[in-house]
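S.K.: Okay, handing you the structure first.
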Amino acid sequence: MAQTPEAPVIPSTHLAASVPSATAALELNEIPTPTPGPNEVLIESHAFAIQPLDAKMHNAAYAGAGGIKSYPATLGTNVAGIVVKVGEAAQEAGKVKVGDRVVADTAAYTLGDWRMGGWQQFVVCGVETVSEIGDAPFDRAVLLGFPLQTAVASMKEYLGMGLPGTGSPTDKVLIWGGGGAVGSCAIQYAKSVGHTVIATASPRDVTHLISIGANAVIDYHSPTIVEDIRSHGPFKFILNAVGNPESHMAIAALIYPPGGSYASVLPAQNLPENVKAIYTSFSMSVQKDEHKEFRDWWYGEYFTKVLAEGKIEPPRSVKREGGLKVLQQASRDVFEGKVKEKVVIDPTES
Ligand SMILES: NC(=O)c1ccc[n+]([C@@H]2O[C@H](COP(=O)([O-])OP(=O)(O)OC[C@H]3O[C@@H](n4cnc5c(N)ncnc54)[C@H](OP(=O)(O)O)[C@@H]3O)[C@@H](O)[C@H]2O)c1
């Protein structure tokens, strides 16, 4: 006879890391575990990765992605874990059930709702931004989720790139900064669409980036970088996955004249006339209803498939043992650029 799975035990309180005031060190507190609203789920988190955005918000009160709307603030928007409770309306919709292994993107930054912050043991998330991950390891799911979604949202939703298998190799794509998390995901998505992909990176990343799909990789330290890239063009799509002033200036020199648009993970200043860097919080696009079709495709189809197929490689990572207790130092290290890999933390270890 089939066994009914036992309802998980949800503790009345759980450990959360919060920033008490702008740029202050994290405090760890036991806080009441919330009940999810009708269209929400409660997730026991088993992994999150510290993103540059989180580290900048924590250590420099960075105003991107809407900034920190109130203190104390529990940061982090991307977690992987197990669903332990499902709101009433979400249950009726039947998309997610208790016991599912999922990855989730919360609206913590968009709404300033710290029940949704990822830097805690139990996290509330709207049911529409949760993907089932099958047997995929939690760390793999959480490592891929944020940068891949940023890369795909920027190129598909803002530049007009197509779905996997719909592109042509005669259309070329330039990814500036292929060695980073967003850049390496962008290379792999553009390749899966069917395009020819040219990336810039440091020499140490060349072999790896060719192995994941780049057709050519150009050292961004080259004094002739613009001409080096131009010899591989022209480019139908350009993503600046670094966004520093030098990269904007080089891309502007590449496309002006006559000019054009490219997407960038960080904003640009002082661009020439007719050159436009499209910048927004691409990683938060899924929270906006104007991207509903993209959201439904991402969570209902694409990301689950990507994880099951295992064809897109996540960024390099390092696990920090010790759960939320080691988060303060880890966030600082990410902010100061002391660690090149993505840092993963399992809050159940706290
Ligand atoms: N707008 C959004 O929605 C959004 C979403 C996600 C991330 N971001 C932002 O995007 C940036 C990258 O994020 P990430 O997670 O990919 O970071 P990451 O994994 O740390 O990657 C940064 C990469 O940039 C490379 N790099 C540095 N200077 C470069 C240059 N001048 N030219 C080419 N490459 C250069 C680095 O390679 P080397 O070691 O070789 O220098 C490194 O691999 C961060 O600032 C982040 O805040 C924005």
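Following the order of the structure tokens, first chain is A, next is B, and so on, with residues numbered from 1 inside each chain and ligands from 1 in the order they appear.
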Would you mind listing the residues within 8 Å of ligand 1, counting only C-alpha atoms and all ligand atoms, as a PDB file with N, CA and C atoms, in the first residue's frame?
M.R.:
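Resulting contents of selection.pdb:
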```
ATOM      1  N   GLN A  51      25.864  36.326  -4.517  1.00  0.00           N
ATOM      2  CA  GLN A  51      26.032  37.039  -5.783  1.00  0.00           C
ATOM      3  C   GLN A  51      26.722  38.377  -5.511  1.00  0.00           C
ATOM      4  N   PRO A  52      27.423  38.917  -6.539  1.00  0.00           N
ATOM      5  CA  PRO A  52      28.037  40.237  -6.348  1.00  0.00           C
ATOM      6  C   PRO A  52      27.007  41.269  -5.879  1.00  0.00           C
ATOM      7  N   LEU A  53      25.773  41.169  -6.401  1.00  0.00           N
ATOM      8  CA  LEU A  53      24.711  42.111  -6.002  1.00  0.00           C
ATOM      9  C   LEU A  53      24.480  42.059  -4.487  1.00  0.00           C
ATOM     10  N   LYS A  56      27.428  43.543  -2.604  1.00  0.00           N
ATOM     11  CA  LYS A  56      27.486  45.010  -2.728  1.00  0.00           C
ATOM     12  C   LYS A  56      26.384  45.646  -1.880  1.00  0.00           C
ATOM     13  N   ALA A  65      19.063  47.199  -8.245  1.00  0.00           N
ATOM     14  CA  ALA A  65      17.934  46.285  -7.997  1.00  0.00           C
ATOM     15  C   ALA A  65      16.950  46.848  -6.973  1.00  0.00           C
ATOM     16  N   PHE A 146      20.818  31.957 -10.986  1.00  0.00           N
ATOM     17  CA  PHE A 146      20.900  33.419 -11.041  1.00  0.00           C
ATOM     18  C   PHE A 146      21.676  33.931 -12.264  1.00  0.00           C
ATOM     19  N   PRO A 147      22.898  33.452 -12.504  1.00  0.00           N
ATOM     20  CA  PRO A 147      23.621  33.987 -13.672  1.00  0.00           C
ATOM     21  C   PRO A 147      23.034  33.559 -15.008  1.00  0.00           C
ATOM     22  N   THR A 150      20.044  35.727 -15.617  1.00  0.00           N
ATOM     23  CA  THR A 150      20.476  37.082 -15.992  1.00  0.00           C
ATOM     24  C   THR A 150      20.890  37.117 -17.457  1.00  0.00           C
ATOM     25  N   ALA A 151      21.705  36.130 -17.844  1.00  0.00           N
ATOM     26  CA  ALA A 151      22.207  36.093 -19.230  1.00  0.00           C
ATOM     27  C   ALA A 151      21.058  35.913 -20.218  1.00  0.00           C
ATOM     28  N   SER A 154      18.652  38.992 -20.371  1.00  0.00           N
ATOM     29  CA  SER A 154      19.227  40.148 -21.059  1.00  0.00           C
ATOM     30  C   SER A 154      19.230  39.925 -22.572  1.00  0.00           C
ATOM     31  N   TRP A 176      31.233  40.052 -23.708  1.00  0.00           N
ATOM     32  CA  TRP A 176      32.394  40.694 -23.077  1.00  0.00           C
ATOM     33  C   TRP A 176      32.440  40.217 -21.619  1.00  0.00           C
ATOM     34  N   GLY A 177      33.562  39.514 -21.274  1.00  0.00           N
ATOM     35  CA  GLY A 177      33.679  38.993 -19.906  1.00  0.00           C
ATOM     36  C   GLY A 177      33.157  37.579 -19.786  1.00  0.00           C
ATOM     37  N   GLY A 178      33.605  36.701 -20.701  1.00  0.00           N
ATOM     38  CA  GLY A 178      33.111  35.323 -20.714  1.00  0.00           C
ATOM     39  C   GLY A 178      33.558  34.504 -19.515  1.00  0.00           C
ATOM     40  N   GLY A 179      34.585  34.968 -18.797  1.00  0.00           N
ATOM     41  CA  GLY A 179      35.099  34.165 -17.677  1.00  0.00           C
ATOM     42  C   GLY A 179      34.255  34.255 -16.427  1.00  0.00           C
ATOM     43  N   GLY A 180      33.359  35.206 -16.351  1.00  0.00           N
ATOM     44  CA  GLY A 180      32.532  35.347 -15.153  1.00  0.00           C
ATOM     45  C   GLY A 180      31.303  34.454 -15.198  1.00  0.00           C
ATOM     46  N   ALA A 181      30.534  34.493 -14.130  1.00  0.00           N
ATOM     47  CA  ALA A 181      29.362  33.618 -14.028  1.00  0.00           C
ATOM     48  C   ALA A 181      28.328  33.972 -15.097  1.00  0.00           C
ATOM     49  N   VAL A 182      27.973  35.256 -15.204  1.00  0.00           N
ATOM     50  CA  VAL A 182      26.980  35.663 -16.206  1.00  0.00           C
ATOM     51  C   VAL A 182      27.538  35.418 -17.606  1.00  0.00           C
ATOM     52  N   GLY A 183      28.815  35.785 -17.810  1.00  0.00           N
ATOM     53  CA  GLY A 183      29.424  35.642 -19.138  1.00  0.00           C
ATOM     54  C   GLY A 183      29.488  34.193 -19.594  1.00  0.00           C
ATOM     55  N   SER A 184      29.882  33.272 -18.711  1.00  0.00           N
ATOM     56  CA  SER A 184      29.997  31.870 -19.138  1.00  0.00           C
ATOM     57  C   SER A 184      28.617  31.279 -19.412  1.00  0.00           C
ATOM     58  N   THR A 200      35.375  37.795 -24.787  1.00  0.00           N
ATOM     59  CA  THR A 200      36.631  38.310 -24.242  1.00  0.00           C
ATOM     60  C   THR A 200      36.822  37.668 -22.877  1.00  0.00           C
ATOM     61  N   ALA A 201      38.091  37.471 -22.489  1.00  0.00           N
ATOM     62  CA  ALA A 201      38.388  36.878 -21.183  1.00  0.00           C
ATOM     63  C   ALA A 201      39.876  36.984 -20.921  1.00  0.00           C
ATOM     64  N   SER A 202      40.276  36.603 -19.722  1.00  0.00           N
ATOM     65  CA  SER A 202      41.702  36.489 -19.413  1.00  0.00           C
ATOM     66  C   SER A 202      42.247  35.214 -20.048  1.00  0.00           C
ATOM     67  N   PRO A 203      43.556  35.192 -20.379  1.00  0.00           N
ATOM     68  CA  PRO A 203      44.130  34.009 -21.045  1.00  0.00           C
ATOM     69  C   PRO A 203      43.867  32.708 -20.284  1.00  0.00           C
ATOM     70  N   ARG A 204      43.843  32.758 -18.949  1.00  0.00           N
ATOM     71  CA  ARG A 204      43.672  31.504 -18.197  1.00  0.00           C
ATOM     72  C   ARG A 204      42.301  30.858 -18.459  1.00  0.00           C
ATOM     73  N   ASP A 205      41.346  31.625 -18.957  1.00  0.00           N
ATOM     74  CA  ASP A 205      39.999  31.069 -19.158  1.00  0.00           C
ATOM     75  C   ASP A 205      39.744  30.561 -20.577  1.00  0.00           C
ATOM     76  N   TYR A 220      41.172  40.297 -23.139  1.00  0.00           N
ATOM     77  CA  TYR A 220      40.710  41.680 -23.030  1.00  0.00           C
ATOM     78  C   TYR A 220      41.818  42.647 -22.608  1.00  0.00           C
ATOM     79  N   HIS A 221      43.006  42.110 -22.264  1.00  0.00           N
ATOM     80  CA  HIS A 221      44.134  42.990 -21.924  1.00  0.00           C
ATOM     81  C   HIS A 221      44.868  43.477 -23.178  1.00  0.00           C
ATOM     82  N   ALA A 241      29.089  41.564 -20.003  1.00  0.00           N
ATOM     83  CA  ALA A 241      28.842  40.839 -18.750  1.00  0.00           C
ATOM     84  C   ALA A 241      29.791  41.297 -17.644  1.00  0.00           C
ATOM     85  N   VAL A 242      30.499  42.411 -17.881  1.00  0.00           N
ATOM     86  CA  VAL A 242      31.385  42.997 -16.853  1.00  0.00           C
ATOM     87  C   VAL A 242      30.860  44.388 -16.467  1.00  0.00           C
ATOM     88  N   GLY A 243      30.752  45.261 -17.462  1.00  0.00           N
ATOM     89  CA  GLY A 243      30.104  46.555 -17.228  1.00  0.00           C
ATOM     90  C   GLY A 243      30.981  47.639 -16.635  1.00  0.00           C
ATOM     91  N   ASN A 244      32.320  47.442 -16.625  1.00  0.00           N
ATOM     92  CA  ASN A 244      33.186  48.527 -16.122  1.00  0.00           C
ATOM     93  C   ASN A 244      33.396  49.564 -17.236  1.00  0.00           C
ATOM     94  N   GLU A 246      35.959  50.648 -18.922  1.00  0.00           N
ATOM     95  CA  GLU A 246      36.816  50.258 -20.058  1.00  0.00           C
ATOM     96  C   GLU A 246      36.043  49.371 -21.042  1.00  0.00           C
ATOM     97  N   SER A 247      35.246  48.465 -20.510  1.00  0.00           N
ATOM     98  CA  SER A 247      34.508  47.562 -21.399  1.00  0.00           C
ATOM     99  C   SER A 247      33.456  48.342 -22.184  1.00  0.00           C
ATOM    100  N   SER A 264      23.937  45.403 -21.002  1.00  0.00           N
ATOM    101  CA  SER A 264      25.042  45.436 -20.034  1.00  0.00           C
ATOM    102  C   SER A 264      24.541  45.143 -18.632  1.00  0.00           C
ATOM    103  N   VAL A 265      25.356  44.393 -17.882  1.00  0.00           N
ATOM    104  CA  VAL A 265      24.982  44.049 -16.500  1.00  0.00           C
ATOM    105  C   VAL A 265      25.102  45.236 -15.549  1.00  0.00           C
ATOM    106  N   LEU A 266      25.893  46.247 -15.950  1.00  0.00           N
ATOM    107  CA  LEU A 266      25.997  47.468 -15.142  1.00  0.00           C
ATOM    108  C   LEU A 266      25.785  48.662 -16.077  1.00  0.00           C
ATOM    109  N   TYR A 279      20.539  48.638 -19.844  1.00  0.00           N
ATOM    110  CA  TYR A 279      20.818  48.125 -18.491  1.00  0.00           C
ATOM    111  C   TYR A 279      19.543  48.129 -17.670  1.00  0.00           C
ATOM    112  N   THR A 280      19.313  47.032 -16.976  1.00  0.00           N
ATOM    113  CA  THR A 280      18.264  46.974 -15.964  1.00  0.00           C
ATOM    114  C   THR A 280      18.641  45.849 -15.015  1.00  0.00           C
ATOM    115  N   SER A 281      17.831  45.614 -14.002  1.00  0.00           N
ATOM    116  CA  SER A 281      18.057  44.430 -13.154  1.00  0.00           C
ATOM    117  C   SER A 281      17.489  43.228 -13.904  1.00  0.00           C
ATOM    118  N   PHE A 282      18.271  42.713 -14.838  1.00  0.00           N
ATOM    119  CA  PHE A 282      17.800  41.570 -15.644  1.00  0.00           C
ATOM    120  C   PHE A 282      17.402  40.408 -14.737  1.00  0.00           C
ATOM    121  N   SER A 283      18.167  40.275 -13.639  1.00  0.00           N
ATOM    122  CA  SER A 283      17.918  39.154 -12.730  1.00  0.00           C
ATOM    123  C   SER A 283      16.556  39.266 -12.042  1.00  0.00           C
ATOM    124  N   MET A 284      15.951  40.433 -12.056  1.00  0.00           N
ATOM    125  CA  MET A 284      14.644  40.620 -11.413  1.00  0.00           C
ATOM    126  C   MET A 284      13.513  40.684 -12.448  1.00  0.00           C
ATOM    127  N   PRO A 315      28.882  28.053 -13.041  1.00  0.00           N
ATOM    128  CA  PRO A 315      30.152  28.727 -12.777  1.00  0.00           C
ATOM    129  C   PRO A 315      30.956  27.978 -11.718  1.00  0.00           C
ATOM    130  N   GLY A 337      36.603  40.994  -3.668  1.00  0.00           N
ATOM    131  CA  GLY A 337      37.187  40.284  -4.812  1.00  0.00           C
ATOM    132  C   GLY A 337      38.239  39.275  -4.395  1.00  0.00           C
ATOM    133  N   LYS A 340      37.359  34.280  -6.425  1.00  0.00           N
ATOM    134  CA  LYS A 340      36.934  34.383  -7.827  1.00  0.00           C
ATOM    135  C   LYS A 340      35.707  33.520  -8.092  1.00  0.00           C
ATOM    136  N   GLU A 341      35.625  32.398  -7.352  1.00  0.00           N
ATOM    137  CA  GLU A 341      34.515  31.469  -7.589  1.00  0.00           C
ATOM    138  C   GLU A 341      33.263  31.975  -6.876  1.00  0.00           C
ATOM    139  N   LYS A 342      32.113  31.386  -7.229  1.00  0.00           N
ATOM    140  CA  LYS A 342      30.891  31.683  -6.469  1.00  0.00           C
ATOM    141  C   LYS A 342      30.956  30.935  -5.146  1.00  0.00           C
TER     142      LYS A 342
END
```
S.K.: Using only C-alpha atoms, which protein or nucleic acid residues come within 9 Å of Val152 in chain A? Drop anything in the same chain fewer than 2 positions from it, and give the result as number ranges by chain.
M.R.: A: 147-150, 154-157, 161, 185-186, 189-190, 282
S.K.: With only C-alpha atoms as the basis for distance, which of A:Ala216, A:Ala16, A:Tyr262, A:Asp105 is at the shortest distance from Ser231 in chain A?
M.R.: A:Ala216
S.K.: Using only C-alpha atoms, which of A:Val41, A:Ala107, A:Ile68, A:Val334 sits nearest Val84 in chain A?
M.R.: A:Val41
S.K.: With only C-alpha atoms as the basis for distance, which of A:Thr33, A:Leu75, A:Leu42, A:Lys305 is at the shortest distance from Val19 in chain A?
M.R.: A:Leu75
S.K.: Go through A:Ala17, A:Val173, A:Ala49, A:Val86 and flag the residue nearest Phe138 in chain A, using only C-alpha atoms for the distances.
M.R.: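 With only C-alpha atoms as the atom set, the closest residue is A:Ala49.
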S.K.: Which parts of range 98-151 of chain A does DSSP call helix (DSSP H, G or I) when run on the backbone here, written out as number ranges by chain?
M.R.: A: 108-112, 114-116, 127-129, 138-151
S.K.: Grab the residues selected above and save them as an mmCIF file, in the first residue's frame with N, CA and C atoms.
M.R.:
```
data_model
loop_
_atom_site.group_PDB
_atom_site.id
_atom_site.type_symbol
_atom_site.label_atom_id
_atom_site.label_comp_id
_atom_site.auth_asym_id
_atom_site.auth_seq_id
_atom_site.Cartn_x
_atom_site.Cartn_y
_atom_site.Cartn_z
ATOM 1 N N ALA A 108 12.450 39.369 -2.833
ATOM 2 C CA ALA A 108 12.937 40.073 -1.634
ATOM 3 C C ALA A 108 13.363 41.506 -1.951
ATOM 4 N N TYR A 109 14.112 41.676 -3.042
ATOM 5 C CA TYR A 109 14.607 43.020 -3.358
ATOM 6 C C TYR A 109 13.524 43.869 -4.027
ATOM 7 N N THR A 110 12.747 43.243 -4.897
ATOM 8 C CA THR A 110 11.704 43.992 -5.609
ATOM 9 C C THR A 110 10.680 44.533 -4.621
ATOM 10 N N LEU A 111 10.267 43.689 -3.670
ATOM 11 C CA LEU A 111 9.214 44.095 -2.730
ATOM 12 C C LEU A 111 9.772 44.628 -1.406
ATOM 13 N N GLY A 112 11.054 44.371 -1.136
ATOM 14 C CA GLY A 112 11.594 44.714 0.179
ATOM 15 C C GLY A 112 10.934 43.867 1.263
ATOM 16 N N TRP A 114 11.384 40.904 3.591
ATOM 17 C CA TRP A 114 12.532 40.126 4.081
ATOM 18 C C TRP A 114 12.159 38.714 4.514
ATOM 19 N N ARG A 115 10.863 38.340 4.498
ATOM 20 C CA ARG A 115 10.517 36.919 4.650
ATOM 21 C C ARG A 115 11.107 36.143 3.481
ATOM 22 N N MET A 116 11.349 36.875 2.383
ATOM 23 C CA MET A 116 11.796 36.252 1.136
ATOM 24 C C MET A 116 13.318 36.270 0.972
ATOM 25 N N VAL A 127 4.803 31.371 -5.749
ATOM 26 C CA VAL A 127 4.837 30.058 -6.419
ATOM 27 C C VAL A 127 5.207 30.171 -7.890
ATOM 28 N N GLU A 128 5.006 31.342 -8.483
ATOM 29 C CA GLU A 128 5.261 31.471 -9.922
ATOM 30 C C GLU A 128 6.757 31.541 -10.247
ATOM 31 N N THR A 129 7.621 31.716 -9.235
ATOM 32 C CA THR A 129 9.060 31.776 -9.519
ATOM 33 C C THR A 129 9.813 30.617 -8.832
ATOM 34 N N PHE A 138 21.457 20.504 -4.984
ATOM 35 C CA PHE A 138 21.010 21.867 -4.648
ATOM 36 C C PHE A 138 22.047 22.906 -5.085
ATOM 37 N N ASP A 139 23.334 22.591 -4.865
ATOM 38 C CA ASP A 139 24.337 23.614 -5.178
ATOM 39 C C ASP A 139 24.416 23.872 -6.686
ATOM 40 N N ARG A 140 24.263 22.820 -7.478
ATOM 41 C CA ARG A 140 24.296 23.012 -8.942
ATOM 42 C C ARG A 140 23.128 23.909 -9.385
ATOM 43 N N ALA A 141 21.945 23.629 -8.825
ATOM 44 C CA ALA A 141 20.746 24.392 -9.204
ATOM 45 C C ALA A 141 20.900 25.866 -8.832
ATOM 46 N N VAL A 142 21.412 26.100 -7.649
ATOM 47 C CA VAL A 142 21.476 27.487 -7.189
ATOM 48 C C VAL A 142 22.625 28.241 -7.866
ATOM 49 N N LEU A 143 23.662 27.508 -8.269
ATOM 50 C CA LEU A 143 24.784 28.164 -8.949
ATOM 51 C C LEU A 143 24.407 28.612 -10.352
ATOM 52 N N LEU A 144 23.605 27.785 -11.020
ATOM 53 C CA LEU A 144 23.215 28.110 -12.397
ATOM 54 C C LEU A 144 22.094 29.136 -12.461
ATOM 55 N N GLY A 145 21.162 29.041 -11.495
ATOM 56 C CA GLY A 145 19.919 29.796 -11.596
ATOM 57 C C GLY A 145 20.103 31.286 -11.846
ATOM 58 N N PHE A 146 20.818 31.957 -10.986
ATOM 59 C CA PHE A 146 20.900 33.419 -11.041
ATOM 60 C C PHE A 146 21.676 33.931 -12.264
ATOM 61 N N PRO A 147 22.898 33.452 -12.504
ATOM 62 C CA PRO A 147 23.621 33.987 -13.672
ATOM 63 C C PRO A 147 23.034 33.559 -15.008
ATOM 64 N N LEU A 148 22.521 32.337 -15.084
ATOM 65 C CA LEU A 148 21.932 31.909 -16.366
ATOM 66 C C LEU A 148 20.680 32.722 -16.655
ATOM 67 N N GLN A 149 19.890 32.939 -15.620
ATOM 68 C CA GLN A 149 18.668 33.730 -15.843
ATOM 69 C C GLN A 149 19.010 35.168 -16.241
ATOM 70 N N THR A 150 20.044 35.727 -15.617
ATOM 71 C CA THR A 150 20.476 37.082 -15.992
ATOM 72 C C THR A 150 20.890 37.117 -17.457
ATOM 73 N N ALA A 151 21.705 36.130 -17.844
ATOM 74 C CA ALA A 151 22.207 36.093 -19.230
ATOM 75 C C ALA A 151 21.058 35.913 -20.218
#
```
S.K.: Looking at A:Ile198, A:Ile187, A:Val102, A:Ala153, which one is nearest to Val79 in chain A, with distances taken over only C-alpha atoms?
M.R.: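 Once distances to Val79 in chain A are computed over only C-alpha atoms, the minimum belongs to A:Val102.
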S.K.: Which of these, A:Gly167, A:Pro137, A:Gly160, A:Pro8, has the shortest distance to Leu307 in chain A once you count only C-alpha atoms?
M.R.: A:Pro137
S.K.: Neighbours of Met249 in chain A within 12 Å (only C-alpha atoms; same-chain residues fewer than 6 positions away dropped), as a CSV table (one decimal) with N, CA and C atoms, in the first residue's frame?
M.R.:
```
chain,number,residue,atom,x,y,z
A,176,TRP,N,31.2,40.1,-23.7
A,176,TRP,CA,32.4,40.7,-23.1
A,176,TRP,C,32.4,40.2,-21.6
A,225,ILE,N,42.5,45.5,-28.6
A,225,ILE,CA,41.3,44.7,-28.3
A,225,ILE,C,40.2,45.0,-29.3
A,226,VAL,N,39.9,46.3,-29.6
A,226,VAL,CA,38.8,46.7,-30.5
A,226,VAL,C,39.0,46.1,-31.9
A,240,ASN,N,27.5,42.9,-22.5
A,240,ASN,CA,28.7,43.3,-21.7
A,240,ASN,C,28.4,42.7,-20.3
A,243,GLY,N,30.8,45.3,-17.5
A,243,GLY,CA,30.1,46.6,-17.2
A,243,GLY,C,31.0,47.6,-16.6
A,255,ILE,N,31.2,49.6,-32.1
A,255,ILE,CA,30.0,49.8,-32.9
A,255,ILE,C,29.7,51.2,-33.3
A,256,TYR,N,30.6,52.2,-33.0
A,256,TYR,CA,30.3,53.5,-33.4
A,256,TYR,C,31.4,54.0,-34.4
A,268,ALA,N,26.1,52.3,-18.1
A,268,ALA,CA,27.2,53.0,-18.7
A,268,ALA,C,27.0,54.5,-18.7
A,269,GLN,N,28.2,55.2,-18.7
A,269,GLN,CA,28.1,56.7,-18.8
A,269,GLN,C,28.9,57.2,-19.9
A,270,ASN,N,28.5,58.4,-20.4
A,270,ASN,CA,29.3,59.1,-21.4
A,270,ASN,C,29.5,58.3,-22.7
A,271,LEU,N,28.5,57.6,-23.1
A,271,LEU,CA,28.6,56.9,-24.4
A,271,LEU,C,28.4,57.8,-25.5
A,272,PRO,N,29.0,57.5,-26.7
A,272,PRO,CA,28.8,58.4,-27.8
A,272,PRO,C,27.4,58.4,-28.3
A,275,VAL,N,25.0,55.3,-29.4
A,275,VAL,CA,25.3,54.0,-28.8
A,275,VAL,C,24.5,53.9,-27.5
A,276,LYS,N,23.8,52.8,-27.3
A,276,LYS,CA,22.9,52.7,-26.1
A,276,LYS,C,23.3,51.4,-25.4
A,277,ALA,N,23.6,51.5,-24.1
A,277,ALA,CA,23.7,50.3,-23.3
A,277,ALA,C,22.4,50.0,-22.6
```
S.K.: Got a sec: who's within 8 Å of Ala214 in chain A, counting only C-alpha atoms, leaving out chain neighbours fewer than 6 positions off, as a ChimeraX atom specification?
M.R.: /A:187-188,191,196-199
S.K.: Export C-alpha atoms of the chosen residues as a PDB file, in the first residue's frame?
M.R.:
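This went into selection_20.pdb:
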```pdb
ATOM      1  CA  ILE A 187      28.204  31.876 -24.001  1.00  0.00           C
ATOM      2  CA  GLN A 188      26.402  28.591 -23.397  1.00  0.00           C
ATOM      3  CA  LYS A 191      25.613  28.635 -28.451  1.00  0.00           C
ATOM      4  CA  THR A 196      28.651  31.794 -33.401  1.00  0.00           C
ATOM      5  CA  VAL A 197      30.000  33.111 -30.086  1.00  0.00           C
ATOM      6  CA  ILE A 198      33.045  35.328 -29.565  1.00  0.00           C
ATOM      7  CA  ALA A 199      34.083  36.130 -25.991  1.00  0.00           C
TER       8      ALA A 199
END
```
S.K.: Name the residues of range 173-270 of chain A that come out as strand (DSSP E) in a backbone DSSP run; write them as an NGL selection string.
M.R.: :A and (173-176 or 196-201 or 216-219 or 237-240 or 260-264)
S.K.: Put those residues in a file: C-alpha atoms, as a PDB file, in the first residue's frame.
M.R.:
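Result file is result.pdb:
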```
ATOM      1  CA  VAL A 173      27.337  37.147 -30.635  1.00  0.00           C
ATOM      2  CA  LEU A 174      29.921  39.028 -28.577  1.00  0.00           C
ATOM      3  CA  ILE A 175      30.092  38.257 -24.847  1.00  0.00           C
ATOM      4  CA  TRP A 176      32.394  40.694 -23.077  1.00  0.00           C
ATOM      5  CA  THR A 196      28.651  31.794 -33.401  1.00  0.00           C
ATOM      6  CA  VAL A 197      30.000  33.111 -30.086  1.00  0.00           C
ATOM      7  CA  ILE A 198      33.045  35.328 -29.565  1.00  0.00           C
ATOM      8  CA  ALA A 199      34.083  36.130 -25.991  1.00  0.00           C
ATOM      9  CA  THR A 200      36.631  38.310 -24.242  1.00  0.00           C
ATOM     10  CA  ALA A 201      38.388  36.878 -21.183  1.00  0.00           C
ATOM     11  CA  ALA A 216      36.961  32.314 -30.284  1.00  0.00           C
ATOM     12  CA  VAL A 217      38.208  33.967 -27.098  1.00  0.00           C
ATOM     13  CA  ILE A 218      40.089  37.264 -27.142  1.00  0.00           C
ATOM     14  CA  ASP A 219      42.311  38.484 -24.303  1.00  0.00           C
ATOM     15  CA  PHE A 237      24.004  40.601 -30.320  1.00  0.00           C
ATOM     16  CA  ILE A 238      26.416  42.062 -27.751  1.00  0.00           C
ATOM     17  CA  LEU A 239      26.284  41.462 -24.002  1.00  0.00           C
ATOM     18  CA  ASN A 240      28.671  43.266 -21.677  1.00  0.00           C
ATOM     19  CA  GLY A 260      23.661  50.525 -31.987  1.00  0.00           C
ATOM     20  CA  SER A 261      22.499  48.909 -28.769  1.00  0.00           C
ATOM     21  CA  TYR A 262      23.948  46.286 -26.499  1.00  0.00           C
ATOM     22  CA  ALA A 263      22.936  44.877 -23.137  1.00  0.00           C
ATOM     23  CA  SER A 264      25.042  45.436 -20.034  1.00  0.00           C
TER      24      SER A 264
END
```
S.K.: State, in Å with one decimal place, the distance from CA of His58 in chain A to CA of His291 in chain A.
M.R.: 27.8 Å
